[in-house]
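To be precise, the following lines are query-v8.cif, and they hold mmCIF, C-alpha atoms.
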data_upload
#
loop_
_atom_site.group_PDB
_atom_site.id
_atom_site.type_symbol
_atom_site.label_atom_id
_atom_site.label_comp_id
_atom_site.auth_asym_id
_atom_site.auth_seq_id
_atom_site.Cartn_x
_atom_site.Cartn_y
_atom_site.Cartn_z
ATOM 1 C CA MET A 473 45.497 -11.268 9.242
ATOM 2 C CA ALA A 474 42.913 -11.864 6.507
ATOM 3 C CA VAL A 475 43.752 -14.590 3.985
ATOM 4 C CA ALA A 476 42.795 -13.816 0.378
ATOM 5 C CA PHE A 477 41.477 -16.430 -2.037
ATOM 6 C CA ASP A 478 40.457 -16.411 -5.688
ATOM 7 C CA ALA A 479 36.744 -16.837 -6.373
ATOM 8 C CA HIS A 480 33.913 -16.395 -8.830
ATOM 9 C CA VAL A 481 31.773 -13.420 -7.751
ATOM 10 C CA LEU A 482 28.051 -13.838 -8.484
ATOM 11 C CA LYS A 483 25.804 -10.782 -8.242
ATOM 12 C CA VAL A 484 22.466 -11.717 -6.671
ATOM 13 C CA LEU A 485 19.741 -9.124 -7.253
ATOM 14 C CA ILE A 486 17.123 -8.928 -4.487
ATOM 15 C CA ALA A 487 14.080 -7.505 -6.304
ATOM 16 C CA SER A 488 10.918 -6.487 -4.461
ATOM 17 C CA PRO A 489 8.389 -3.705 -3.808
ATOM 18 C CA GLY A 490 8.894 -1.352 -0.884
ATOM 19 C CA ASP A 491 6.861 -3.316 1.694
ATOM 20 C CA THR A 492 9.411 -6.142 2.015
ATOM 21 C CA ARG A 493 12.352 -4.506 3.830
ATOM 22 C CA ASP A 494 12.522 -7.268 6.462
ATOM 23 C CA GLU A 495 12.453 -9.939 3.769
ATOM 24 C CA ARG A 496 15.237 -8.245 1.790
ATOM 25 C CA ASP A 497 17.315 -8.083 4.954
ATOM 26 C CA ALA A 498 16.699 -11.797 5.596
ATOM 27 C CA VAL A 499 17.811 -12.746 2.086
ATOM 28 C CA GLU A 500 20.944 -10.626 2.392
ATOM 29 C CA ARG A 501 21.765 -12.287 5.730
ATOM 30 C CA ALA A 502 21.304 -15.705 4.125
ATOM 31 C CA LEU A 503 23.724 -14.812 1.327
ATOM 32 C CA HIS A 504 26.323 -13.522 3.773
ATOM 33 C CA ALA A 505 25.894 -16.673 5.874
ATOM 34 C CA TRP A 506 26.508 -18.813 2.789
ATOM 35 C CA ASN A 507 29.668 -16.833 2.089
ATOM 36 C CA ALA A 508 30.907 -17.372 5.637
ATOM 37 C CA ASP A 509 30.248 -21.120 5.464
ATOM 38 C CA ARG A 510 31.063 -22.002 1.872
ATOM 39 C CA ALA A 511 32.752 -19.228 -0.120
ATOM 40 C CA GLU A 512 36.382 -20.232 0.324
ATOM 41 C CA ARG A 513 35.754 -23.951 -0.180
ATOM 42 C CA GLU A 514 33.523 -23.465 -3.235
ATOM 43 C CA GLN A 515 35.557 -20.525 -4.600
ATOM 44 C CA VAL A 516 32.316 -18.590 -5.032
ATOM 45 C CA VAL A 517 31.280 -15.309 -3.398
ATOM 46 C CA LEU A 518 27.624 -14.201 -3.467
ATOM 47 C CA LEU A 519 27.276 -10.419 -3.758
ATOM 48 C CA PRO A 520 23.827 -9.117 -2.686
ATOM 49 C CA ARG A 521 22.497 -6.248 -4.813
ATOM 50 C CA ARG A 522 19.542 -4.066 -3.722
ATOM 51 C CA TRP A 523 17.930 -1.096 -5.410
ATOM 52 C CA GLU A 524 17.991 1.027 -2.244
ATOM 53 C CA THR A 525 21.703 0.517 -1.598
ATOM 54 C CA ASN A 526 23.352 -0.184 -4.952
ATOM 55 C CA ALA A 527 21.519 1.910 -7.567
ATOM 56 C CA VAL A 528 23.041 5.355 -8.151
ATOM 57 C CA PRO A 529 20.492 8.091 -9.030
ATOM 58 C CA ARG A 530 20.930 9.718 -12.435
ATOM 59 C CA LEU A 531 19.011 12.642 -13.898
ATOM 60 C CA GLY A 532 17.476 12.433 -17.345
ATOM 61 C CA SER A 533 16.690 8.713 -17.277
ATOM 62 C CA ARG A 534 13.594 6.714 -16.391
ATOM 63 C CA GLY A 535 14.039 5.435 -12.831
ATOM 64 C CA GLN A 536 13.431 1.798 -13.725
ATOM 65 C CA SER A 537 15.778 1.993 -16.706
ATOM 66 C CA VAL A 538 18.572 3.106 -14.364
ATOM 67 C CA ILE A 539 17.903 0.106 -12.102
ATOM 68 C CA ASN A 540 17.798 -2.172 -15.141
ATOM 69 C CA GLU A 541 21.130 -0.893 -16.414
ATOM 70 C CA GLN A 542 22.957 -0.818 -13.080
ATOM 71 C CA LEU A 543 21.519 -3.878 -11.330
ATOM 72 C CA VAL A 544 19.209 -6.087 -13.384
ATOM 73 C CA ASP A 545 21.286 -6.498 -16.542
ATOM 74 C CA THR A 546 24.507 -7.064 -14.584
ATOM 75 C CA SER A 547 23.090 -9.647 -12.168
ATOM 76 C CA ASP A 548 23.805 -13.375 -12.329
ATOM 77 C CA ILE A 549 20.859 -14.574 -10.203
ATOM 78 C CA VAL A 550 17.587 -12.810 -9.336
ATOM 79 C CA VAL A 551 15.538 -13.359 -6.172
ATOM 80 C CA ALA A 552 12.146 -11.579 -6.228
ATOM 81 C CA LEU A 553 9.915 -11.160 -3.159
ATOM 82 C CA PHE A 554 6.312 -10.103 -2.634
ATOM 83 C CA ASP A 555 4.274 -9.533 0.527
ATOM 84 C CA SER A 556 0.964 -7.719 -0.045
ATOM 85 C CA ARG A 557 1.933 -5.185 -2.731
ATOM 86 C CA LEU A 558 2.768 -5.521 -6.417
ATOM 87 C CA GLY A 559 4.298 -2.051 -6.628
ATOM 88 C CA MET A 560 4.015 0.873 -9.013
ATOM 89 C CA ALA A 561 3.551 0.316 -12.727
ATOM 90 C CA THR A 562 6.341 1.219 -15.147
ATOM 91 C CA GLU A 563 6.208 2.061 -18.839
ATOM 92 C CA ALA A 564 7.000 -1.563 -19.668
ATOM 93 C CA ALA A 565 5.290 -3.678 -16.988
ATOM 94 C CA VAL A 566 2.677 -3.790 -14.235
ATOM 95 C CA SER A 567 5.379 -2.938 -11.674
ATOM 96 C CA GLY A 568 9.099 -2.335 -11.388
ATOM 97 C CA THR A 569 9.683 -5.725 -9.782
ATOM 98 C CA ALA A 570 7.567 -7.407 -12.457
ATOM 99 C CA GLU A 571 9.705 -5.742 -15.130
ATOM 100 C CA GLU A 572 12.880 -6.977 -13.425
ATOM 101 C CA ILE A 573 11.522 -10.542 -13.272
ATOM 102 C CA GLN A 574 10.479 -10.599 -16.921
ATOM 103 C CA ARG A 575 13.687 -8.969 -18.145
ATOM 104 C CA SER A 576 15.857 -11.437 -16.233
ATOM 105 C CA HIS A 577 13.797 -14.469 -17.237
ATOM 106 C CA ASP A 578 13.915 -13.442 -20.901
ATOM 107 C CA SER A 579 17.718 -13.198 -20.710
ATOM 108 C CA GLY A 580 18.009 -16.742 -19.348
ATOM 109 C CA ARG A 581 19.257 -15.899 -15.862
ATOM 110 C CA PRO A 582 18.056 -17.972 -12.875
ATOM 111 C CA VAL A 583 15.013 -16.246 -11.345
ATOM 112 C CA HIS A 584 13.358 -17.260 -8.061
ATOM 113 C CA VAL A 585 10.047 -15.625 -7.085
ATOM 114 C CA TYR A 586 8.569 -15.929 -3.589
ATOM 115 C CA PHE A 587 5.150 -14.876 -2.281
ATOM 116 C CA SER A 588 4.337 -14.389 1.387
ATOM 117 C CA GLU A 589 1.836 -16.702 3.065
ATOM 118 C CA GLU A 590 1.689 -14.507 6.166
ATOM 119 C CA PRO A 591 -1.707 -12.966 7.063
ATOM 120 C CA ILE A 592 -2.493 -9.878 4.999
ATOM 121 C CA PRO A 593 -2.189 -6.737 7.183
ATOM 122 C CA ARG A 594 -5.506 -5.041 7.977
ATOM 123 C CA GLU A 595 -4.194 -1.762 6.544
ATOM 124 C CA ALA A 596 -3.187 -3.384 3.257
ATOM 125 C CA ASP A 597 -4.217 -1.733 -0.016
ATOM 126 C CA LEU A 598 -6.797 -4.181 -1.384
ATOM 127 C CA GLU A 599 -6.266 -2.999 -4.957
ATOM 128 C CA GLN A 600 -2.595 -3.864 -4.589
ATOM 129 C CA VAL A 601 -3.484 -7.247 -3.095
ATOM 130 C CA LYS A 602 -5.712 -8.027 -6.086
ATOM 131 C CA ALA A 603 -3.095 -6.785 -8.567
ATOM 132 C CA LEU A 604 -0.530 -9.030 -6.909
ATOM 133 C CA GLU A 605 -2.816 -12.066 -7.168
ATOM 134 C CA ASP A 606 -3.438 -11.317 -10.850
ATOM 135 C CA PHE A 607 0.299 -11.067 -11.487
ATOM 136 C CA LYS A 608 0.914 -14.294 -9.597
ATOM 137 C CA ARG A 609 -1.464 -16.106 -11.947
ATOM 138 C CA THR A 610 0.502 -14.873 -14.970
ATOM 139 C CA LEU A 611 3.676 -16.437 -13.549
ATOM 140 C CA MET A 612 2.187 -19.849 -12.809
ATOM 141 C CA PRO A 613 2.750 -21.250 -16.329
ATOM 142 C CA LEU A 614 6.443 -20.329 -16.035
ATOM 143 C CA GLY A 615 6.977 -22.411 -12.900
ATOM 144 C CA LEU A 616 8.805 -19.622 -11.067
ATOM 145 C CA LEU A 617 6.844 -19.556 -7.812
ATOM 146 C CA GLY A 618 7.772 -20.198 -4.195
ATOM 147 C CA THR A 619 6.235 -19.230 -0.858
ATOM 148 C CA TYR A 620 7.452 -18.288 2.619
ATOM 149 C CA VAL A 621 5.843 -17.943 6.037
ATOM 150 C CA SER A 622 8.444 -15.677 7.673
ATOM 151 C CA PRO A 623 11.625 -13.798 6.751
ATOM 152 C CA ASP A 624 13.763 -16.569 8.280
ATOM 153 C CA ASP A 625 11.888 -19.206 6.271
ATOM 154 C CA LEU A 626 12.510 -17.134 3.158
ATOM 155 C CA GLY A 627 16.228 -16.901 3.877
ATOM 156 C CA TYR A 628 16.459 -20.687 4.219
ATOM 157 C CA LYS A 629 14.618 -21.276 0.936
ATOM 158 C CA VAL A 630 16.724 -18.751 -0.949
ATOM 159 C CA ARG A 631 19.876 -20.457 0.259
ATOM 160 C CA GLN A 632 18.537 -23.778 -1.051
ATOM 161 C CA ALA A 633 17.749 -22.155 -4.408
ATOM 162 C CA ILE A 634 21.247 -20.693 -4.687
ATOM 163 C CA GLU A 635 22.753 -24.117 -3.966
ATOM 164 C CA SER A 636 20.711 -25.505 -6.859
ATOM 165 C CA ASP A 637 21.826 -22.685 -9.163
ATOM 166 C CA LEU A 638 25.496 -23.293 -8.401
ATOM 167 C CA GLY A 639 25.077 -26.891 -9.483
ATOM 168 C CA HIS A 640 23.798 -25.793 -12.906
ATOM 169 C CA LEU A 641 25.909 -22.732 -13.698
ATOM 170 C CA ASN A 642 29.085 -24.700 -14.558
ATOM 171 C CA LEU A 643 31.365 -21.915 -13.391
ATOM 172 C CA GLY A 644 34.585 -23.815 -14.025
ATOM 173 C CA ALA A 645 37.987 -23.000 -12.588
ATOM 174 C CA VAL A 646 38.708 -19.532 -11.223
ATOM 175 C CA VAL A 647 40.898 -17.399 -13.467
ATOM 176 C CA ARG A 648 43.399 -15.483 -11.352
ATOM 177 C CA GLY A 649 43.290 -11.741 -11.897
ATOM 178 C CA SER A 650 46.264 -9.429 -12.015
ATOM 179 C CA ALA A 651 47.982 -8.560 -8.751
ATOM 180 C CA ALA A 652 46.868 -5.451 -6.896
ATOM 181 C CA ALA A 653 48.798 -2.293 -7.645
ATOM 182 C CA ASP A 654 51.556 -1.514 -5.174
ATOM 183 C CA HIS A 655 49.630 1.088 -3.221
ATOM 184 C CA ALA A 656 46.652 1.613 -0.918
ATOM 185 C CA VAL A 657 43.181 1.344 -2.470
ATOM 186 C CA LEU A 658 40.314 2.723 -0.370
ATOM 187 C CA ARG A 659 36.671 1.717 -0.813
ATOM 188 C CA ALA A 660 33.718 3.168 1.115
ATOM 189 C CA SER A 661 30.474 1.442 2.080
ATOM 190 C CA TYR A 662 27.410 2.089 4.244
ATOM 191 C CA THR A 663 26.429 -0.235 7.090
ATOM 192 C CA TYR A 664 23.630 -0.288 9.642
ATOM 193 C CA GLU A 665 21.933 -2.510 12.204
ATOM 194 C CA ARG A 666 18.256 -3.462 12.407
ATOM 195 C CA GLU A 667 16.741 -3.267 15.894
ATOM 196 C CA PRO A 668 13.442 -5.065 16.620
ATOM 197 C CA TYR A 669 10.647 -3.390 18.562
ATOM 198 C CA VAL A 670 6.947 -4.009 19.201
ATOM 199 C CA ASP A 671 4.497 -1.442 17.832
ATOM 200 C CA SER A 672 1.210 -0.317 19.396
ATOM 201 C CA LYS A 673 -0.609 -3.273 17.797
ATOM 202 C CA GLY A 674 1.765 -5.841 19.228
ATOM 203 C CA ARG A 675 3.546 -6.497 15.938
ATOM 204 C CA THR A 676 7.304 -6.877 15.697
ATOM 205 C CA LYS A 677 8.835 -4.128 13.595
ATOM 206 C CA TYR A 678 12.396 -3.093 12.857
ATOM 207 C CA ARG A 679 14.142 0.267 12.899
ATOM 208 C CA THR A 680 17.527 1.277 11.580
ATOM 209 C CA ARG A 681 20.303 2.169 14.012
ATOM 210 C CA ALA A 682 24.100 2.350 14.224
ATOM 211 C CA GLU A 683 24.496 3.780 10.724
ATOM 212 C CA ARG A 684 28.159 4.036 9.760
ATOM 213 C CA LEU A 685 30.415 4.864 6.836
ATOM 214 C CA ILE A 686 33.089 2.187 6.539
ATOM 215 C CA VAL A 687 36.323 2.740 4.628
ATOM 216 C CA ARG A 688 38.303 -0.386 3.812
ATOM 217 C CA ASN A 689 41.813 -0.640 2.356
ATOM 218 C CA ILE A 690 41.822 -3.345 -0.320
ATOM 219 C CA GLY A 691 45.300 -2.405 -1.512
ATOM 220 C CA VAL A 692 48.724 -3.620 -0.374
ATOM 221 C CA ARG A 693 50.142 -0.489 1.307
ATOM 222 C CA THR A 694 49.050 1.368 4.447
ATOM 223 C CA ALA A 695 46.937 4.500 3.884
ATOM 224 C CA GLU A 696 48.170 7.045 6.440
ATOM 225 C CA GLN A 697 46.189 9.879 8.002
ATOM 226 C CA VAL A 698 42.977 9.034 6.142
ATOM 227 C CA HIS A 699 40.566 11.971 5.912
ATOM 228 C CA VAL A 700 36.960 11.475 4.771
ATOM 229 C CA GLU A 701 34.447 14.054 3.574
ATOM 230 C CA ILE A 702 30.930 13.346 2.303
ATOM 231 C CA ARG A 703 28.879 15.441 -0.112
ATOM 232 C CA ALA A 704 25.386 15.166 -1.563
ATOM 233 C CA LEU A 705 25.377 14.357 -5.270
ATOM 234 C CA GLN A 706 22.919 17.165 -6.027
ATOM 235 C CA PRO A 707 23.725 20.746 -4.910
ATOM 236 C CA GLU A 708 20.198 21.298 -3.576
ATOM 237 C CA ASP A 709 20.368 18.225 -1.304
ATOM 238 C CA SER A 710 21.906 17.942 2.157
ATOM 239 C CA ALA A 711 24.417 15.217 2.993
ATOM 240 C CA PRO A 712 24.356 13.046 6.122
ATOM 241 C CA ILE A 713 26.508 14.274 9.008
ATOM 242 C CA LEU A 714 29.774 12.404 9.538
ATOM 243 C CA HIS A 715 30.773 12.275 13.212
ATOM 244 C CA GLY A 716 34.373 12.148 14.364
ATOM 245 C CA LYS A 717 37.560 13.909 13.347
ATOM 246 C CA GLU A 718 39.801 10.856 13.425
ATOM 247 C CA ARG A 719 42.468 10.561 10.732
ATOM 248 C CA PRO A 720 43.409 6.899 11.109
ATOM 249 C CA ASP A 721 46.078 4.841 9.409
ATOM 250 C CA ILE A 722 44.342 1.960 7.606
ATOM 251 C CA ILE A 723 46.516 -1.076 6.970
ATOM 252 C CA PRO A 724 45.986 -3.493 4.040
ATOM 253 C CA SER A 725 42.703 -5.422 4.545
ATOM 254 C CA GLY A 726 41.917 -3.103 7.468
ATOM 255 C CA GLU A 727 38.968 -0.755 7.850
ATOM 256 C CA PHE A 728 37.726 2.167 9.919
ATOM 257 C CA GLY A 729 34.172 3.336 10.566
ATOM 258 C CA TRP A 730 32.668 6.750 11.250
ATOM 259 C CA PRO A 731 29.143 7.168 12.711
ATOM 260 C CA LEU A 732 26.601 8.729 10.337
ATOM 261 C CA LEU A 733 23.630 10.886 11.276
ATOM 262 C CA VAL A 734 21.007 10.402 8.559
ATOM 263 C CA MET A 735 18.028 12.699 9.098
ATOM 264 C CA ALA A 736 14.697 12.930 7.297
ATOM 265 C CA GLY A 737 15.201 14.598 3.942
ATOM 266 C CA THR A 738 18.897 13.764 3.850
ATOM 267 C CA SER A 739 20.248 12.626 0.488
ATOM 268 C CA ARG A 740 20.589 8.843 0.239
ATOM 269 C CA ALA A 741 23.194 9.108 -2.515
ATOM 270 C CA ILE A 742 26.516 10.705 -1.611
ATOM 271 C CA GLU A 743 30.016 11.301 -2.889
ATOM 272 C CA VAL A 744 32.716 10.111 -0.494
ATOM 273 C CA VAL A 745 36.016 11.981 -0.835
ATOM 274 C CA MET A 746 38.918 10.073 0.739
ATOM 275 C CA SER A 747 42.397 11.568 1.016
ATOM 276 C CA TRP A 748 45.507 10.074 2.581
ATOM 277 C CA THR A 749 49.280 10.019 2.466
ATOM 278 C CA GLU A 750 51.469 7.155 1.388
ATOM 279 C CA ASP A 751 55.270 7.421 1.529
ATOM 280 C CA ASP A 752 54.839 11.190 1.982
ATOM 281 C CA GLN A 753 52.773 11.385 -1.224
ATOM 282 C CA GLU A 754 49.215 12.774 -1.209
ATOM 283 C CA HIS A 755 46.442 10.589 -2.670
ATOM 284 C CA LEU A 756 42.762 11.310 -3.357
ATOM 285 C CA GLU A 757 39.907 8.946 -4.208
ATOM 286 C CA LYS A 758 36.232 9.783 -4.865
ATOM 287 C CA GLN A 759 33.419 7.238 -4.759
ATOM 288 C CA HIS A 760 29.626 7.375 -5.023
ATOM 289 C CA VAL A 761 27.692 5.467 -2.359
ATOM 290 C CA ALA A 762 23.901 4.979 -2.345
ATOM 291 C CA PHE A 763 21.924 3.626 0.618
#
Structure encoded using structure tokens:
Amino acid sequence: MAVAFDAHVLKVLIASPGDTRDERDAVERALHAWNADRAEREQVVLLPRRWETNAVPRLGSRGQSVINEQLVDTSDIVVALFDSRLGMATEAAVSGTAEEIQRSHDSGRPVHVYFSEEPIPREADLEQVKALEDFKRTLMPLGLLGTYVSPDDLGYKVRQAIESDLGHLNLGAVVRGSAAADHAVLRASYTYEREPYVDSKGRTKYRTRAERLIVRNIGVRTAEQVHVEIRALQPEDSAPILHGKERPDIIPSGEFGWPLLVMAGTSRAIEVVMSWTEDDQEHLEKQHVAF
């Protein structure tokens, strides 16, 4: 049985352009590894936050402003990564990641910026490479720069940086929150695995596999006969396909996973509708999940 403990929860934003998926994965693994090793003893939990999994699309707003509101302004620590691209310019900065760095630094949050020292790919956009070098020079006076030679090296350095941050944040004692309500509470999340393969040029790449929708019961009562339905947030979009007709009972701190088929063009932002019974009473919960 899982043992609960009180802890400070620190949101760690992983900011980067789109060419650093492997690096973002490495940083997230490093944060989860720190949690496994240190969270209970230190009473601190590190919560990775990524634009592709935690930002919820919203019509009528500038894309970067949505990310700023949902992720940047609510983060406690920011880790920014660059490989060979700076990214697309926004209305306020030379790129979205650059805007996130500047916004976080101006607010006084810890910001750690890392640049790859790996060889530049032959197919790299040279204009982007130059733009990235120009941006790097603007950061030098701020003393925010680090380097990495591989995703694993990056993960190790980020973990060291987080350790340093924890020593300066003065979090103090954990304040115990109110007890959970006397019922089941279901929360949905998206998980996947990354499988390595070698491409035609002999380079190691990664592809996504084993995509699943996980429903976890964080309440104190068993959710019986759980039924899950997923819908695209926009009527014109198509939702991923949820495999399996199981209606499991999910005990407190338990979870159940359904395989997901995510095809090209499928919406990456969905509404998860979860219904269940509890003491012969019907319950319904809706949650938005982005991935």
Would you mind listing what lies within 9 Å of Phe554 in chain A as a short mmCIF file (atom, residue, chain, number, x, y, z; two decimals) with C-alpha atoms, in the frame of the given file, with all atoms listed in the file counted and same-chain residues fewer than 3 positions away left out?
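Okay, this is what ended up in selection.cif:
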data_model
loop_
_atom_site.label_atom_id
_atom_site.label_comp_id
_atom_site.auth_asym_id
_atom_site.auth_seq_id
_atom_site.Cartn_x
_atom_site.Cartn_y
_atom_site.Cartn_z
CA ALA A 487 14.08 -7.50 -6.30
CA SER A 488 10.92 -6.49 -4.46
CA PRO A 489 8.39 -3.70 -3.81
CA ASP A 491 6.86 -3.32 1.69
CA THR A 492 9.41 -6.14 2.02
CA GLU A 495 12.45 -9.94 3.77
CA ARG A 557 1.93 -5.18 -2.73
CA LEU A 558 2.77 -5.52 -6.42
CA VAL A 585 10.05 -15.62 -7.08
CA TYR A 586 8.57 -15.93 -3.59
CA PHE A 587 5.15 -14.88 -2.28
CA SER A 588 4.34 -14.39 1.39
CA LEU A 604 -0.53 -9.03 -6.91
#
Picked residues, the PyMOL selection byres ((chain A and resi 721) around 10), as a list in words: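 Going through the file, the PyMOL selection byres ((chain A and resi 721) around 10) ends up selecting Asn689, Thr694, Ala695, Glu696, Gln697, Val698, His699, Glu718, Arg719, Pro720, Ile722, Ile723, Pro724, Gly726, Glu727, Phe728, Trp748, Thr749 and Glu750 of chain A.
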Can I get the selected residues back with C-alpha atoms, as a PDB file, keeping the file's coordinate frame?
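File produced: again-v3.pdb:
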ATOM      1  CA  ASN A 689      41.813  -0.640   2.356  1.00  0.00           C
ATOM      2  CA  THR A 694      49.050   1.368   4.447  1.00  0.00           C
ATOM      3  CA  ALA A 695      46.937   4.500   3.884  1.00  0.00           C
ATOM      4  CA  GLU A 696      48.170   7.045   6.440  1.00  0.00           C
ATOM      5  CA  GLN A 697      46.189   9.879   8.002  1.00  0.00           C
ATOM      6  CA  VAL A 698      42.977   9.034   6.142  1.00  0.00           C
ATOM      7  CA  HIS A 699      40.566  11.971   5.912  1.00  0.00           C
ATOM      8  CA  GLU A 718      39.801  10.856  13.425  1.00  0.00           C
ATOM      9  CA  ARG A 719      42.468  10.561  10.732  1.00  0.00           C
ATOM     10  CA  PRO A 720      43.409   6.899  11.109  1.00  0.00           C
ATOM     11  CA  ILE A 722      44.342   1.960   7.606  1.00  0.00           C
ATOM     12  CA  ILE A 723      46.516  -1.076   6.970  1.00  0.00           C
ATOM     13  CA  PRO A 724      45.986  -3.493   4.040  1.00  0.00           C
ATOM     14  CA  GLY A 726      41.917  -3.103   7.468  1.00  0.00           C
ATOM     15  CA  GLU A 727      38.968  -0.755   7.850  1.00  0.00           C
ATOM     16  CA  PHE A 728      37.726   2.167   9.919  1.00  0.00           C
ATOM     17  CA  TRP A 748      45.507  10.074   2.581  1.00  0.00           C
ATOM     18  CA  THR A 749      49.280  10.019   2.466  1.00  0.00           C
ATOM     19  CA  GLU A 750      51.469   7.155   1.388  1.00  0.00           C
TER      20      GLU A 750
END
Tell me which of A:Arg659, A:Lys602, A:Arg493, A:His715 sits closest to Lys758 in chain A, counting only C-alpha atoms.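 Answer, going by the shortest atom-to-atom distance: A:Arg659.
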Could you work out an axis-aligned bounding box for all listed atoms of range 607-623 of chain A, with 8 Å added on each of the six sides, and give its centre and edge lengths in Å to one decimal, as JSON?
{"center_x": 5.1, "center_y": -16.7, "center_z": -4.3, "size_x": 29.1, "size_y": 27.3, "size_z": 40.0}
Selection dump of the PyMOL selection byres ((chain A and resi 520) around 6), as a CSV table (one decimal) with C-alpha atoms, in the frame of the given file:
chain,number,residue,atom,x,y,z
A,484,VAL,CA,22.5,-11.7,-6.7
A,519,LEU,CA,27.3,-10.4,-3.8
A,521,ARG,CA,22.5,-6.2,-4.8
Please indicate the distance in Å from CA of Gly490 in chain A to CA of Ile539 in chain A, rounded to one decimal place.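 Computing the Euclidean distance for CA of Gly490 in chain A and CA of Ile539 in chain A yields 14.5 Å.
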Kindly indicate which residue among A:Ala711, A:Val745, A:Leu641, A:Ala736 lies nearest to Val687 in chain A, using only C-alpha atoms for the distances.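 Closest candidate: A:Val745.
Among the candidates A:Glu590, A:Asp752, A:Asp671, A:Asp497, the residue lying nearest to Tyr620 in chain A is A:Glu590 (atoms considered: all atoms listed in the file).
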What does the PyMOL selection byres ((chain A and resi 560-575) around 9) select in this file, as a short mmCIF file (atom, residue, chain, number, x, y, z; two decimals) with C-alpha atoms, in the frame of the given file?
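Result written to expr.cif:
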data_model
loop_
_atom_site.label_atom_id
_atom_site.label_comp_id
_atom_site.auth_asym_id
_atom_site.auth_seq_id
_atom_site.Cartn_x
_atom_site.Cartn_y
_atom_site.Cartn_z
CA ALA A 487 14.08 -7.50 -6.30
CA SER A 488 10.92 -6.49 -4.46
CA PRO A 489 8.39 -3.70 -3.81
CA GLN A 536 13.43 1.80 -13.72
CA ILE A 539 17.90 0.11 -12.10
CA ASN A 540 17.80 -2.17 -15.14
CA VAL A 544 19.21 -6.09 -13.38
CA ASP A 545 21.29 -6.50 -16.54
CA VAL A 550 17.59 -12.81 -9.34
CA VAL A 551 15.54 -13.36 -6.17
CA ALA A 552 12.15 -11.58 -6.23
CA LEU A 553 9.91 -11.16 -3.16
CA ARG A 557 1.93 -5.18 -2.73
CA LEU A 558 2.77 -5.52 -6.42
CA GLY A 559 4.30 -2.05 -6.63
CA SER A 576 15.86 -11.44 -16.23
CA HIS A 577 13.80 -14.47 -17.24
CA ASP A 578 13.92 -13.44 -20.90
CA SER A 579 17.72 -13.20 -20.71
CA GLY A 580 18.01 -16.74 -19.35
CA VAL A 583 15.01 -16.25 -11.34
CA HIS A 584 13.36 -17.26 -8.06
CA VAL A 585 10.05 -15.62 -7.08
CA ALA A 603 -3.10 -6.78 -8.57
CA PHE A 607 0.30 -11.07 -11.49
#
Interatomic distance between CA of Glu589 in chain A and CA of Asp555 in chain A? 8.0 Å
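Residue nearest Gly639 in chain A within the list A:Pro613, A:Pro731, A:Pro668, A:Pro582: A:Pro582 [criterion: smallest interatomic distance, all atoms listed in the file].
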Identify which of the residues A:Ala508, A:Ala682, A:Val700, A:Ile486 lies closest to Leu733 in chain A, counting all atoms listed in the file when measuring atom-to-atom distances. A:Ala682
Residues at most 9 Å from Leu626 in chain A, counting all atoms listed in the file, excluding those fewer than 2 positions away in the same chain, as a short mmCIF file (atom, residue, chain, number, x, y, z; two decimals) with C-alpha atoms, in the coordinates of the input?
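Below is the file result16.cif, written as the result:
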data_model
loop_
_atom_site.label_atom_id
_atom_site.label_comp_id
_atom_site.auth_asym_id
_atom_site.auth_seq_id
_atom_site.Cartn_x
_atom_site.Cartn_y
_atom_site.Cartn_z
CA GLU A 495 12.45 -9.94 3.77
CA ALA A 498 16.70 -11.80 5.60
CA VAL A 499 17.81 -12.75 2.09
CA ALA A 502 21.30 -15.70 4.12
CA TYR A 586 8.57 -15.93 -3.59
CA SER A 588 4.34 -14.39 1.39
CA THR A 619 6.24 -19.23 -0.86
CA TYR A 620 7.45 -18.29 2.62
CA VAL A 621 5.84 -17.94 6.04
CA SER A 622 8.44 -15.68 7.67
CA PRO A 623 11.62 -13.80 6.75
CA ASP A 624 13.76 -16.57 8.28
CA TYR A 628 16.46 -20.69 4.22
CA LYS A 629 14.62 -21.28 0.94
CA VAL A 630 16.72 -18.75 -0.95
CA ARG A 631 19.88 -20.46 0.26
#
Here CA of Gly615 in chain A and CA of Leu638 in chain A stand apart by 19.1 Å
